[in-house]
Amino acid sequence: MARLIQQFKDALSSIEPGDDKANAPEAHKIVRAALLSDSKLTDYGADPVLIGSYKRNVSIKRIKDVDVFVRLPEIPNDVTSQQILDRFFRVLHDEFGSDDDGHRRTKRQDRSLQVSFPEFDLYVDAVPARPHSDGETWEIPQRGDEDQWVQTNPEQLTALSSEMNAAHDGYYVPIVKLIRQTRRSLLGKSKPGGFFFEIATYQAFASGAVTGTDHASYFASALDEVSRIVTDFVNYGIDLQDPTVAGNIIRIRASDDELTSARNQFAAAANTAKAAIDEEDEGQAALAFRGLLGKNGDDEDVFPMPPGFNEDGTKKASAVSAGARLVPAGSRTFG
């Protein structure tokens, strides 16, 4: 059975964000300072915090956006979602203006304001949030509605991710990264996005169906259960539950063709991973995992071949033939 322990460690290192790890919090600090400079927002008790895949440690190379959750515990009830988005836009546009090409750096979105940082090659999404009536969760602007808010609890997802990781001896977070990388490799820019598959992975682990003893077995087991969840979502309309708010479901914008592709691709991926686990030839197993994980943000193969194997999974020719009386000298010196 192929486990390829070192190769999985190298693969995870290959998709780990590089300079982004420093740039993301720096961009957050800059946006935070801009928002806290506004007297109206400070009257509302503005308290921006990092959320999203970066905060949860499940980002993969490259980080293109950073989510800033701007808690407004003192915002009056009569302030509409559009009014607060208007305020955010004025504050951020006044601070950041336009880039060198004359394009506005602050872009209004359905429920957030996006600020570009050309020097970091990333964006910061600032999301306003007001307290929910339960006193524990939050509400953010509802897409396409001037007066409605939708309940959310992103900080709880960070806590749940940490708890799940601890419950599985540190394997949960790396597997989420591998699933996100598989999604990127197989689906590219098509939907569903990485967040959908992260939640599917969380629910797969929470179901108790995901087990393993190493990265390879956990990865194959998670792919199998995530594939089942995606199939149930696409074929039978079984919603993906939000683990942070009881009764909430994960909503996505994906076409029927995109959903069908995601179902088929992940079903095939699950079968490929199962076969790779059972493969006795390490080269062929590594080749299968390489196909699933594709290339990272630097256009490099994520999964390396084990020593002694060519890039096509075949064994390298030995420099010594069986029964040879003479063995080529090595380059090591001792003593």
# chains A, B, ... in the order shown; residues from 1 in each chain; ligands from 1
>>> closest_atom_pairs(of="region 108-173 of chain A", to="region 65-80 of chain A", cutoff="10 Å", atoms="only C-alpha atoms", output="tab-separated table")
residue	atom	partner	partner_atom	distance
A:Ser112	CA	A:Val68	CA	9.4
A:Leu113	CA	A:Val68	CA	9.8
A:Gln114	CA	A:Asp65	CA	8.9
A:Val115	CA	A:Asp65	CA	9.4
A:Ser116	CA	A:Asp65	CA	9.0
A:Phe117	CA	A:Asp65	CA	9.7
A:Asp121	CA	A:Asp65	CA	9.0
A:Leu122	CA	A:Asp65	CA	5.4
A:Tyr123	CA	A:Asp65	CA	4.5
A:Val124	CA	A:Val66	CA	4.7
A:Asp125	CA	A:Asp67	CA	4.9
A:Ala126	CA	A:Val68	CA	4.8
A:Val127	CA	A:Phe69	CA	5.1
A:Pro128	CA	A:Val70	CA	4.8
A:Ala129	CA	A:Arg71	CA	4.9
A:Arg130	CA	A:Leu72	CA	5.1
A:Pro131	CA	A:Pro73	CA	5.8
A:His132	CA	A:Pro73	CA	9.5
A:Gly135	CA	A:Pro73	CA	9.8
A:Trp138	CA	A:Arg71	CA	8.0
A:Glu139	CA	A:Arg71	CA	9.3
A:Ile140	CA	A:Phe69	CA	9.3
A:Pro141	CA	A:Thr80	CA	8.5
A:Asp145	CA	A:Thr80	CA	9.7
A:Glu146	CA	A:Thr80	CA	6.7
A:Asp147	CA	A:Thr80	CA	5.1
A:Gln148	CA	A:Thr80	CA	7.4
A:Trp149	CA	A:Thr80	CA	8.5
A:Pro154	CA	A:Phe69	CA	8.4
A:Glu155	CA	A:Phe69	CA	9.0
>>> write_last_selection(atoms="C-alpha atoms", output="short mmCIF file (atom, residue, chain, number, x, y, z; two decimals), in the first residue's frame")
data_model
loop_
_atom_site.label_atom_id
_atom_site.label_comp_id
_atom_site.auth_asym_id
_atom_site.auth_seq_id
_atom_site.Cartn_x
_atom_site.Cartn_y
_atom_site.Cartn_z
CA SER A 112 -18.58 44.10 1.32
CA LEU A 113 -16.06 46.63 0.05
CA GLN A 114 -13.03 45.33 -1.79
CA VAL A 115 -9.76 47.26 -1.57
CA SER A 116 -6.93 46.41 -3.95
CA PHE A 117 -3.30 46.34 -2.86
CA ASP A 121 -1.05 41.55 -5.48
CA LEU A 122 -4.07 40.89 -3.28
CA TYR A 123 -7.40 42.34 -2.19
CA VAL A 124 -8.98 43.00 1.19
CA ASP A 125 -12.73 42.46 1.54
CA ALA A 126 -14.15 44.53 4.41
CA VAL A 127 -17.49 43.14 5.59
CA PRO A 128 -19.68 45.19 7.99
CA ALA A 129 -21.47 43.19 10.67
CA ARG A 130 -24.05 44.04 13.31
CA PRO A 131 -25.07 41.91 16.32
CA HIS A 132 -27.83 39.35 15.85
CA GLY A 135 -26.37 38.18 21.30
CA TRP A 138 -23.69 38.46 13.74
CA GLU A 139 -25.51 39.71 10.67
CA ILE A 140 -24.00 40.92 7.40
CA PRO A 141 -25.71 42.61 4.43
CA ASP A 145 -31.42 43.70 -0.70
CA GLU A 146 -31.19 47.23 0.68
CA ASP A 147 -32.74 46.55 4.08
CA GLN A 148 -32.02 42.92 4.90
CA TRP A 149 -29.23 41.27 6.84
CA PRO A 154 -17.36 33.26 10.90
CA GLU A 155 -15.30 33.40 14.08
#
>>> residues_around(residues="Ala22 (chain A)", least_positions_apart="3", cutoff="12 Å", atoms="only C-alpha atoms", output="VMD selection string")
chain A and resid 17 to 19 25 to 29 54 63 66 120 122
>>> write_last_selection(atoms="N, CA, C and O atoms", output="mmCIF file, in the first residue's frame")
data_model
loop_
_atom_site.group_PDB
_atom_site.id
_atom_site.type_symbol
_atom_site.label_atom_id
_atom_site.label_comp_id
_atom_site.auth_asym_id
_atom_site.auth_seq_id
_atom_site.Cartn_x
_atom_site.Cartn_y
_atom_site.Cartn_z
ATOM 1 N N PRO A 17 1.246 29.142 1.491
ATOM 2 C CA PRO A 17 1.491 30.521 1.056
ATOM 3 C C PRO A 17 2.883 30.985 1.462
ATOM 4 O O PRO A 17 3.377 30.635 2.532
ATOM 5 N N GLY A 18 3.519 31.776 0.588
ATOM 6 C CA GLY A 18 4.857 32.274 0.870
ATOM 7 C C GLY A 18 4.820 33.669 1.459
ATOM 8 O O GLY A 18 4.435 33.863 2.621
ATOM 9 N N ASP A 19 5.229 34.675 0.639
ATOM 10 C CA ASP A 19 5.232 36.059 1.112
ATOM 11 C C ASP A 19 3.837 36.532 1.503
ATOM 12 O O ASP A 19 3.685 37.489 2.271
ATOM 13 N N PRO A 25 -1.652 39.975 6.639
ATOM 14 C CA PRO A 25 -1.923 40.740 7.865
ATOM 15 C C PRO A 25 -1.545 42.204 7.749
ATOM 16 O O PRO A 25 -2.163 43.064 8.387
ATOM 17 N N GLU A 26 -0.538 42.516 6.927
ATOM 18 C CA GLU A 26 -0.154 43.920 6.749
ATOM 19 C C GLU A 26 -1.274 44.689 6.049
ATOM 20 O O GLU A 26 -1.621 45.808 6.446
ATOM 21 N N ALA A 27 -1.855 44.087 4.990
ATOM 22 C CA ALA A 27 -2.978 44.735 4.302
ATOM 23 C C ALA A 27 -4.166 44.896 5.239
ATOM 24 O O ALA A 27 -4.865 45.919 5.218
ATOM 25 N N HIS A 28 -4.399 43.899 6.078
ATOM 26 C CA HIS A 28 -5.478 43.985 7.061
ATOM 27 C C HIS A 28 -5.267 45.164 8.004
ATOM 28 O O HIS A 28 -6.203 45.916 8.303
ATOM 29 N N LYS A 29 -4.046 45.339 8.479
ATOM 30 C CA LYS A 29 -3.751 46.440 9.405
ATOM 31 C C LYS A 29 -4.030 47.794 8.764
ATOM 32 O O LYS A 29 -4.552 48.708 9.409
ATOM 33 N N TYR A 54 -7.462 32.449 5.427
ATOM 34 C CA TYR A 54 -6.159 32.836 5.977
ATOM 35 C C TYR A 54 -6.170 32.694 7.494
ATOM 36 O O TYR A 54 -5.256 32.116 8.083
ATOM 37 N N ILE A 63 -2.484 33.493 -1.941
ATOM 38 C CA ILE A 63 -3.578 34.210 -1.294
ATOM 39 C C ILE A 63 -3.909 35.441 -2.137
ATOM 40 O O ILE A 63 -3.070 36.310 -2.325
ATOM 41 N N VAL A 66 -8.138 38.737 1.327
ATOM 42 C CA VAL A 66 -8.147 38.642 2.782
ATOM 43 C C VAL A 66 -9.476 39.204 3.271
ATOM 44 O O VAL A 66 -9.899 40.276 2.830
ATOM 45 N N PHE A 120 0.945 44.287 -3.076
ATOM 46 C CA PHE A 120 0.915 42.949 -2.503
ATOM 47 C C PHE A 120 0.268 41.934 -3.449
ATOM 48 O O PHE A 120 0.266 40.739 -3.161
ATOM 49 N N LEU A 122 -2.922 41.503 -3.947
ATOM 50 C CA LEU A 122 -4.066 40.895 -3.282
ATOM 51 C C LEU A 122 -5.123 41.950 -2.981
ATOM 52 O O LEU A 122 -4.909 43.151 -3.169
#
>>> select_by_dssp(residues="region 103-174 of chain A", states="strand (DSSP E or B)", output="number ranges by chain")
A: 104, 106-108, 113-117, 122-131, 138-141, 149-152
>>> write_last_selection(atoms="N, CA and C atoms", output="PDB file, in the first residue's frame")
ATOM      1  N   ARG A 104     -10.057  53.029  -9.552  1.00  0.00           N
ATOM      2  CA  ARG A 104     -10.405  53.110  -8.133  1.00  0.00           C
ATOM      3  C   ARG A 104      -9.979  51.848  -7.414  1.00  0.00           C
ATOM      4  N   THR A 106     -11.007  51.011  -4.414  1.00  0.00           N
ATOM      5  CA  THR A 106     -12.121  50.501  -3.611  1.00  0.00           C
ATOM      6  C   THR A 106     -13.299  50.169  -4.516  1.00  0.00           C
ATOM      7  N   LYS A 107     -13.728  48.929  -4.444  1.00  0.00           N
ATOM      8  CA  LYS A 107     -14.820  48.444  -5.282  1.00  0.00           C
ATOM      9  C   LYS A 107     -15.965  47.964  -4.406  1.00  0.00           C
ATOM     10  N   ARG A 108     -17.151  48.447  -4.726  1.00  0.00           N
ATOM     11  CA  ARG A 108     -18.333  48.036  -3.968  1.00  0.00           C
ATOM     12  C   ARG A 108     -18.830  46.678  -4.447  1.00  0.00           C
ATOM     13  N   LEU A 113     -16.864  45.718   0.861  1.00  0.00           N
ATOM     14  CA  LEU A 113     -16.060  46.630   0.045  1.00  0.00           C
ATOM     15  C   LEU A 113     -14.709  45.985  -0.187  1.00  0.00           C
ATOM     16  N   GLN A 114     -14.297  45.958  -1.432  1.00  0.00           N
ATOM     17  CA  GLN A 114     -13.030  45.334  -1.792  1.00  0.00           C
ATOM     18  C   GLN A 114     -11.993  46.407  -2.068  1.00  0.00           C
ATOM     19  N   VAL A 115     -10.853  46.315  -1.390  1.00  0.00           N
ATOM     20  CA  VAL A 115      -9.763  47.263  -1.571  1.00  0.00           C
ATOM     21  C   VAL A 115      -8.584  46.531  -2.184  1.00  0.00           C
ATOM     22  N   SER A 116      -8.069  47.052  -3.288  1.00  0.00           N
ATOM     23  CA  SER A 116      -6.931  46.407  -3.949  1.00  0.00           C
ATOM     24  C   SER A 116      -5.620  46.916  -3.373  1.00  0.00           C
ATOM     25  N   PHE A 117      -4.657  46.012  -3.290  1.00  0.00           N
ATOM     26  CA  PHE A 117      -3.296  46.341  -2.862  1.00  0.00           C
ATOM     27  C   PHE A 117      -2.346  45.851  -3.951  1.00  0.00           C
ATOM     28  N   LEU A 122      -2.922  41.503  -3.947  1.00  0.00           N
ATOM     29  CA  LEU A 122      -4.066  40.895  -3.282  1.00  0.00           C
ATOM     30  C   LEU A 122      -5.123  41.950  -2.981  1.00  0.00           C
ATOM     31  N   TYR A 123      -6.285  41.478  -2.524  1.00  0.00           N
ATOM     32  CA  TYR A 123      -7.404  42.338  -2.186  1.00  0.00           C
ATOM     33  C   TYR A 123      -7.807  42.099  -0.734  1.00  0.00           C
ATOM     34  N   VAL A 124      -8.384  43.133  -0.130  1.00  0.00           N
ATOM     35  CA  VAL A 124      -8.981  42.996   1.193  1.00  0.00           C
ATOM     36  C   VAL A 124     -10.475  43.246   1.050  1.00  0.00           C
ATOM     37  N   ASP A 125     -11.280  42.302   1.521  1.00  0.00           N
ATOM     38  CA  ASP A 125     -12.729  42.460   1.542  1.00  0.00           C
ATOM     39  C   ASP A 125     -13.158  42.841   2.957  1.00  0.00           C
ATOM     40  N   ALA A 126     -13.696  44.050   3.105  1.00  0.00           N
ATOM     41  CA  ALA A 126     -14.154  44.530   4.408  1.00  0.00           C
ATOM     42  C   ALA A 126     -15.667  44.331   4.503  1.00  0.00           C
ATOM     43  N   VAL A 127     -16.091  43.506   5.449  1.00  0.00           N
ATOM     44  CA  VAL A 127     -17.495  43.137   5.585  1.00  0.00           C
ATOM     45  C   VAL A 127     -18.068  43.741   6.872  1.00  0.00           C
ATOM     46  N   PRO A 128     -19.057  44.656   6.770  1.00  0.00           N
ATOM     47  CA  PRO A 128     -19.679  45.192   7.987  1.00  0.00           C
ATOM     48  C   PRO A 128     -20.592  44.159   8.631  1.00  0.00           C
ATOM     49  N   ALA A 129     -20.628  44.158   9.962  1.00  0.00           N
ATOM     50  CA  ALA A 129     -21.465  43.185  10.672  1.00  0.00           C
ATOM     51  C   ALA A 129     -22.092  43.835  11.900  1.00  0.00           C
ATOM     52  N   ARG A 130     -23.361  43.547  12.116  1.00  0.00           N
ATOM     53  CA  ARG A 130     -24.049  44.040  13.307  1.00  0.00           C
ATOM     54  C   ARG A 130     -24.462  42.835  14.161  1.00  0.00           C
ATOM     55  N   PRO A 131     -24.703  43.036  15.454  1.00  0.00           N
ATOM     56  CA  PRO A 131     -25.074  41.911  16.324  1.00  0.00           C
ATOM     57  C   PRO A 131     -26.432  41.328  15.945  1.00  0.00           C
ATOM     58  N   TRP A 138     -23.704  37.160  14.415  1.00  0.00           N
ATOM     59  CA  TRP A 138     -23.692  38.456  13.738  1.00  0.00           C
ATOM     60  C   TRP A 138     -24.556  38.414  12.494  1.00  0.00           C
ATOM     61  N   GLU A 139     -24.784  39.589  11.929  1.00  0.00           N
ATOM     62  CA  GLU A 139     -25.512  39.713  10.669  1.00  0.00           C
ATOM     63  C   GLU A 139     -24.697  40.557   9.707  1.00  0.00           C
ATOM     64  N   ILE A 140     -24.681  40.150   8.447  1.00  0.00           N
ATOM     65  CA  ILE A 140     -24.005  40.915   7.401  1.00  0.00           C
ATOM     66  C   ILE A 140     -25.021  41.235   6.309  1.00  0.00           C
ATOM     67  N   PRO A 141     -24.736  42.227   5.460  1.00  0.00           N
ATOM     68  CA  PRO A 141     -25.712  42.607   4.428  1.00  0.00           C
ATOM     69  C   PRO A 141     -26.123  41.432   3.549  1.00  0.00           C
ATOM     70  N   TRP A 149     -30.504  41.795   6.356  1.00  0.00           N
ATOM     71  CA  TRP A 149     -29.233  41.275   6.844  1.00  0.00           C
ATOM     72  C   TRP A 149     -29.366  39.763   6.977  1.00  0.00           C
ATOM     73  N   VAL A 150     -28.240  39.053   6.911  1.00  0.00           N
ATOM     74  CA  VAL A 150     -28.251  37.601   7.016  1.00  0.00           C
ATOM     75  C   VAL A 150     -27.328  37.172   8.154  1.00  0.00           C
ATOM     76  N   GLN A 151     -27.792  36.213   8.923  1.00  0.00           N
ATOM     77  CA  GLN A 151     -27.053  35.748  10.108  1.00  0.00           C
ATOM     78  C   GLN A 151     -25.795  34.975   9.705  1.00  0.00           C
ATOM     79  N   THR A 152     -24.720  35.184  10.445  1.00  0.00           N
ATOM     80  CA  THR A 152     -23.467  34.476  10.173  1.00  0.00           C
ATOM     81  C   THR A 152     -22.636  34.394  11.454  1.00  0.00           C
TER      82      THR A 152
END
>>> residues_around(residues="Ile175 (chain A)", least_positions_apart="6", cutoff="12 Å", atoms="only C-alpha atoms", output="ChimeraX atom specification")
/A:8-9,11-12,15,57-60,161,164-165,168-169,181-182,197-198,200-202,204-205,210-212,214-223,226,293
>>> write_last_selection(atoms="N, CA and C atoms", output="compact mmCIF listing (two decimals), in the first residue's frame")
# COMPACT_ATOMS: atom_id res chain seq x y z
N PHE A 8 3.87 13.58 0.61
CA PHE A 8 2.73 14.37 1.04
C PHE A 8 3.18 15.58 1.85
N LYS A 9 4.21 15.40 2.66
CA LYS A 9 4.75 16.55 3.40
C LYS A 9 5.28 17.60 2.43
N ALA A 11 4.33 18.00 -0.66
CA ALA A 11 3.19 18.57 -1.39
C ALA A 11 2.54 19.68 -0.58
N LEU A 12 2.36 19.44 0.72
CA LEU A 12 1.77 20.46 1.58
C LEU A 12 2.66 21.69 1.66
N ILE A 15 2.17 23.95 -1.43
CA ILE A 15 0.97 24.79 -1.54
C ILE A 15 0.85 25.78 -0.39
N ASN A 57 -6.06 29.18 8.67
CA ASN A 57 -4.85 28.44 8.32
C ASN A 57 -5.05 27.43 7.21
N VAL A 58 -6.09 27.61 6.38
CA VAL A 58 -6.34 26.66 5.31
C VAL A 58 -6.14 27.29 3.93
N SER A 59 -5.52 28.45 3.87
CA SER A 59 -5.21 29.07 2.58
C SER A 59 -4.15 28.26 1.86
N ILE A 60 -4.20 28.32 0.54
CA ILE A 60 -3.17 27.70 -0.28
C ILE A 60 -2.59 28.76 -1.22
N SER A 161 -12.70 24.74 13.38
CA SER A 161 -11.58 24.18 12.60
C SER A 161 -10.45 23.75 13.53
N MET A 164 -11.52 20.59 15.36
CA MET A 164 -11.50 19.40 14.49
C MET A 164 -10.07 18.97 14.21
N ASN A 165 -9.18 19.92 14.06
CA ASN A 165 -7.79 19.60 13.81
C ASN A 165 -7.19 18.86 15.01
N HIS A 168 -8.24 15.24 15.34
CA HIS A 168 -7.68 14.31 14.36
C HIS A 168 -6.16 14.43 14.28
N ASP A 169 -5.55 14.69 15.42
CA ASP A 169 -4.08 14.68 15.54
C ASP A 169 -3.39 15.58 14.51
N GLN A 181 -6.76 22.35 -2.86
CA GLN A 181 -5.86 22.27 -4.00
C GLN A 181 -6.41 21.35 -5.08
N THR A 182 -7.04 20.26 -4.67
CA THR A 182 -7.67 19.35 -5.64
C THR A 182 -8.79 20.07 -6.39
N PHE A 197 -16.09 23.67 -0.59
CA PHE A 197 -15.41 22.39 -0.38
C PHE A 197 -14.77 22.30 1.01
N GLU A 198 -14.41 23.44 1.57
CA GLU A 198 -13.93 23.42 2.95
C GLU A 198 -15.04 22.98 3.90
N ALA A 200 -17.70 21.27 3.08
CA ALA A 200 -17.99 19.86 2.78
C ALA A 200 -16.99 18.96 3.48
N THR A 201 -15.72 19.39 3.53
CA THR A 201 -14.69 18.61 4.22
C THR A 201 -14.95 18.59 5.72
N TYR A 202 -15.34 19.75 6.27
CA TYR A 202 -15.67 19.79 7.70
C TYR A 202 -16.81 18.82 8.01
N ALA A 204 -17.71 16.27 6.32
CA ALA A 204 -17.24 14.90 6.11
C ALA A 204 -16.53 14.38 7.36
N PHE A 205 -15.67 15.20 7.95
CA PHE A 205 -14.99 14.82 9.19
C PHE A 205 -15.99 14.70 10.34
N VAL A 210 -14.60 10.02 7.96
CA VAL A 210 -13.21 10.23 7.53
C VAL A 210 -12.26 9.69 8.59
N THR A 211 -11.42 8.77 8.17
CA THR A 211 -10.45 8.19 9.08
C THR A 211 -9.12 8.05 8.36
N GLY A 212 -8.08 7.77 9.12
CA GLY A 212 -6.77 7.56 8.51
C GLY A 212 -5.68 7.45 9.54
N ASP A 214 -2.38 8.51 8.22
CA ASP A 214 -1.38 9.38 7.61
C ASP A 214 -2.08 10.26 6.58
N HIS A 215 -1.31 11.14 5.93
CA HIS A 215 -1.94 12.06 4.98
C HIS A 215 -2.60 11.33 3.81
N ALA A 216 -1.96 10.28 3.31
CA ALA A 216 -2.51 9.57 2.15
C ALA A 216 -3.87 8.96 2.47
N SER A 217 -3.95 8.24 3.59
CA SER A 217 -5.21 7.57 3.92
C SER A 217 -6.29 8.57 4.31
N TYR A 218 -5.94 9.62 5.02
CA TYR A 218 -6.91 10.66 5.36
C TYR A 218 -7.41 11.36 4.09
N PHE A 219 -6.50 11.65 3.18
CA PHE A 219 -6.86 12.34 1.94
C PHE A 219 -7.83 11.50 1.12
N ALA A 220 -7.53 10.21 0.96
CA ALA A 220 -8.40 9.34 0.18
C ALA A 220 -9.76 9.19 0.84
N SER A 221 -9.76 9.05 2.17
CA SER A 221 -11.02 8.90 2.90
C SER A 221 -11.86 10.18 2.80
N ALA A 222 -11.21 11.34 2.93
CA ALA A 222 -11.93 12.62 2.84
C ALA A 222 -12.49 12.83 1.44
N LEU A 223 -11.71 12.53 0.42
CA LEU A 223 -12.19 12.68 -0.95
C LEU A 223 -13.44 11.83 -1.19
N VAL A 226 -16.35 13.56 0.74
CA VAL A 226 -16.69 14.84 0.11
C VAL A 226 -17.40 14.59 -1.22
N LEU A 293 -3.59 16.68 -7.63
CA LEU A 293 -3.20 17.94 -6.99
C LEU A 293 -2.67 18.98 -7.96
>>> atom_distance(atom1="CA of Thr213 (chain A)", atom2="CA of Lys274 (chain A)")
14.6 Å
>>> atom_distance(atom1="CA of Ala288 (chain A)", atom2="CA of Thr272 (chain A)")
6.7 Å
>>> atom_distance(atom1="CA of Glu16 (chain A)", atom2="CA of Arg62 (chain A)")
8.2 Å
>>> closest_residue(among="A:Ala262, A:Ile277, A:Ile30, A:Ala209", to="Asp224 (chain A)", atoms="only C-alpha atoms")
A:Ala209
>>> select_by_dssp(residues="region 156-213 of chain A", states="helix (DSSP H, G or I)", output="PyMOL selection string")
chain A and resi 156-167+172-187+194-206
>>> write_last_selection(atoms="N, CA and C atoms", output="CSV table (one decimal), in the first residue's frame")
chain,number,residue,atom,x,y,z
A,156,GLN,N,-16.7,31.5,14.7
A,156,GLN,CA,-17.0,30.2,15.3
A,156,GLN,C,-16.4,29.2,14.4
A,157,LEU,N,-16.3,29.4,13.0
A,157,LEU,CA,-15.8,28.4,12.1
A,157,LEU,C,-14.3,28.3,12.4
A,158,THR,N,-13.6,29.4,12.8
A,158,THR,CA,-12.2,29.3,13.1
A,158,THR,C,-12.0,28.4,14.3
A,159,ALA,N,-12.9,28.6,15.3
A,159,ALA,CA,-12.8,27.7,16.5
A,159,ALA,C,-13.1,26.3,16.2
A,160,LEU,N,-14.1,26.0,15.4
A,160,LEU,CA,-14.5,24.7,15.0
A,160,LEU,C,-13.4,24.0,14.2
A,161,SER,N,-12.7,24.7,13.4
A,161,SER,CA,-11.6,24.2,12.6
A,161,SER,C,-10.4,23.8,13.5
A,162,SER,N,-10.1,24.6,14.5
A,162,SER,CA,-9.1,24.3,15.5
A,162,SER,C,-9.5,23.0,16.3
A,163,GLU,N,-10.7,22.9,16.7
A,163,GLU,CA,-11.2,21.8,17.5
A,163,GLU,C,-11.1,20.5,16.6
A,164,MET,N,-11.5,20.6,15.4
A,164,MET,CA,-11.5,19.4,14.5
A,164,MET,C,-10.1,19.0,14.2
A,165,ASN,N,-9.2,19.9,14.1
A,165,ASN,CA,-7.8,19.6,13.8
A,165,ASN,C,-7.2,18.9,15.0
A,166,ALA,N,-7.5,19.4,16.2
A,166,ALA,CA,-7.0,18.7,17.4
A,166,ALA,C,-7.6,17.3,17.6
A,167,ALA,N,-8.8,17.1,17.2
A,167,ALA,CA,-9.5,15.8,17.3
A,167,ALA,C,-8.9,14.8,16.4
A,172,TYR,N,-6.6,17.4,10.1
A,172,TYR,CA,-7.8,18.1,9.5
A,172,TYR,C,-7.3,19.2,8.6
A,173,VAL,N,-6.6,20.2,9.2
A,173,VAL,CA,-6.2,21.4,8.4
A,173,VAL,C,-5.4,21.0,7.2
A,174,PRO,N,-4.4,20.1,7.2
A,174,PRO,CA,-3.7,19.8,6.0
A,174,PRO,C,-4.6,19.1,5.0
A,175,ILE,N,-5.6,18.3,5.4
A,175,ILE,CA,-6.5,17.7,4.4
A,175,ILE,C,-7.4,18.7,3.8
A,176,VAL,N,-7.8,19.7,4.5
A,176,VAL,CA,-8.6,20.8,3.9
A,176,VAL,C,-7.8,21.5,2.8
A,177,LYS,N,-6.5,21.7,3.1
A,177,LYS,CA,-5.7,22.3,2.1
A,177,LYS,C,-5.5,21.5,0.9
A,178,LEU,N,-5.4,20.2,1.1
A,178,LEU,CA,-5.3,19.2,-0.1
A,178,LEU,C,-6.6,19.2,-0.9
A,179,ILE,N,-7.7,19.2,-0.2
A,179,ILE,CA,-9.0,19.2,-0.9
A,179,ILE,C,-9.2,20.5,-1.7
A,180,ARG,N,-8.8,21.7,-1.0
A,180,ARG,CA,-8.9,22.9,-1.8
A,180,ARG,C,-8.0,22.9,-3.0
A,181,GLN,N,-6.8,22.4,-2.9
A,181,GLN,CA,-5.9,22.3,-4.0
A,181,GLN,C,-6.4,21.3,-5.1
A,182,THR,N,-7.0,20.3,-4.7
A,182,THR,CA,-7.7,19.4,-5.6
A,182,THR,C,-8.8,20.1,-6.4
A,183,ARG,N,-9.6,20.8,-5.7
A,183,ARG,CA,-10.7,21.6,-6.3
A,183,ARG,C,-10.1,22.6,-7.3
A,184,ARG,N,-9.0,23.3,-7.0
A,184,ARG,CA,-8.4,24.2,-7.9
A,184,ARG,C,-7.8,23.5,-9.1
A,185,SER,N,-7.2,22.3,-8.9
A,185,SER,CA,-6.6,21.6,-10.0
A,185,SER,C,-7.7,21.0,-10.9
A,186,LEU,N,-8.8,20.5,-10.4
A,186,LEU,CA,-9.8,19.9,-11.2
A,186,LEU,C,-10.8,20.9,-11.8
A,187,LEU,N,-11.1,21.9,-11.1
A,187,LEU,CA,-12.2,22.8,-11.5
A,187,LEU,C,-11.7,24.2,-11.9
A,194,GLY,N,-13.6,27.3,-3.1
A,194,GLY,CA,-12.9,26.7,-2.1
A,194,GLY,C,-13.7,26.6,-0.8
A,195,PHE,N,-14.5,27.6,-0.5
A,195,PHE,CA,-15.2,27.6,0.8
A,195,PHE,C,-16.2,26.5,0.9
A,196,PHE,N,-16.9,26.3,-0.2
A,196,PHE,CA,-17.9,25.2,-0.3
A,196,PHE,C,-17.3,23.9,0.0
A,197,PHE,N,-16.1,23.7,-0.6
A,197,PHE,CA,-15.4,22.4,-0.4
A,197,PHE,C,-14.8,22.3,1.0
A,198,GLU,N,-14.4,23.4,1.6
A,198,GLU,CA,-13.9,23.4,3.0
A,198,GLU,C,-15.0,23.0,3.9
A,199,ILE,N,-16.2,23.5,3.7
A,199,ILE,CA,-17.4,23.1,4.6
A,199,ILE,C,-17.8,21.7,4.3
A,200,ALA,N,-17.7,21.3,3.1
A,200,ALA,CA,-18.0,19.9,2.8
A,200,ALA,C,-17.0,19.0,3.5
A,201,THR,N,-15.7,19.4,3.5
A,201,THR,CA,-14.7,18.6,4.2
A,201,THR,C,-15.0,18.6,5.7
A,202,TYR,N,-15.3,19.7,6.3
A,202,TYR,CA,-15.7,19.8,7.7
A,202,TYR,C,-16.8,18.8,8.0
A,203,GLN,N,-17.9,18.9,7.2
A,203,GLN,CA,-19.0,18.0,7.5
A,203,GLN,C,-18.6,16.5,7.3
A,204,ALA,N,-17.7,16.3,6.3
A,204,ALA,CA,-17.2,14.9,6.1
A,204,ALA,C,-16.5,14.4,7.4
A,205,PHE,N,-15.7,15.2,8.0
A,205,PHE,CA,-15.0,14.8,9.2
A,205,PHE,C,-16.0,14.7,10.3
A,206,ALA,N,-16.9,15.7,10.4
A,206,ALA,CA,-17.9,15.7,11.5
A,206,ALA,C,-18.8,14.4,11.5
>>> residues_around(residues="Gln241 (chain A)", least_positions_apart="4", cutoff="10 Å", atoms="only C-alpha atoms", output="list in words")
Ile199, Ala200, Gln203, Val245, Ala246, Gly247, Asn248, Ile249, Ile250 and Arg251 of chain A
>>> closest_residue(among="A:Glu136, A:Asp94, A:Asp101, A:Asp110", to="Ser81 (chain A)", atoms="only C-alpha atoms")
A:Asp110
>>> closest_residue(among="A:Asp47, A:Gln7, A:Ala270, A:Asn264", to="Phe303 (chain A)", atoms="only C-alpha atoms")
A:Gln7
>>> residues_around(residues="Gly237 (chain A)", least_positions_apart="5", cutoff="12 Å", atoms="only C-alpha atoms", output="number ranges by chain")
A: 229-232, 249, 251, 256, 259
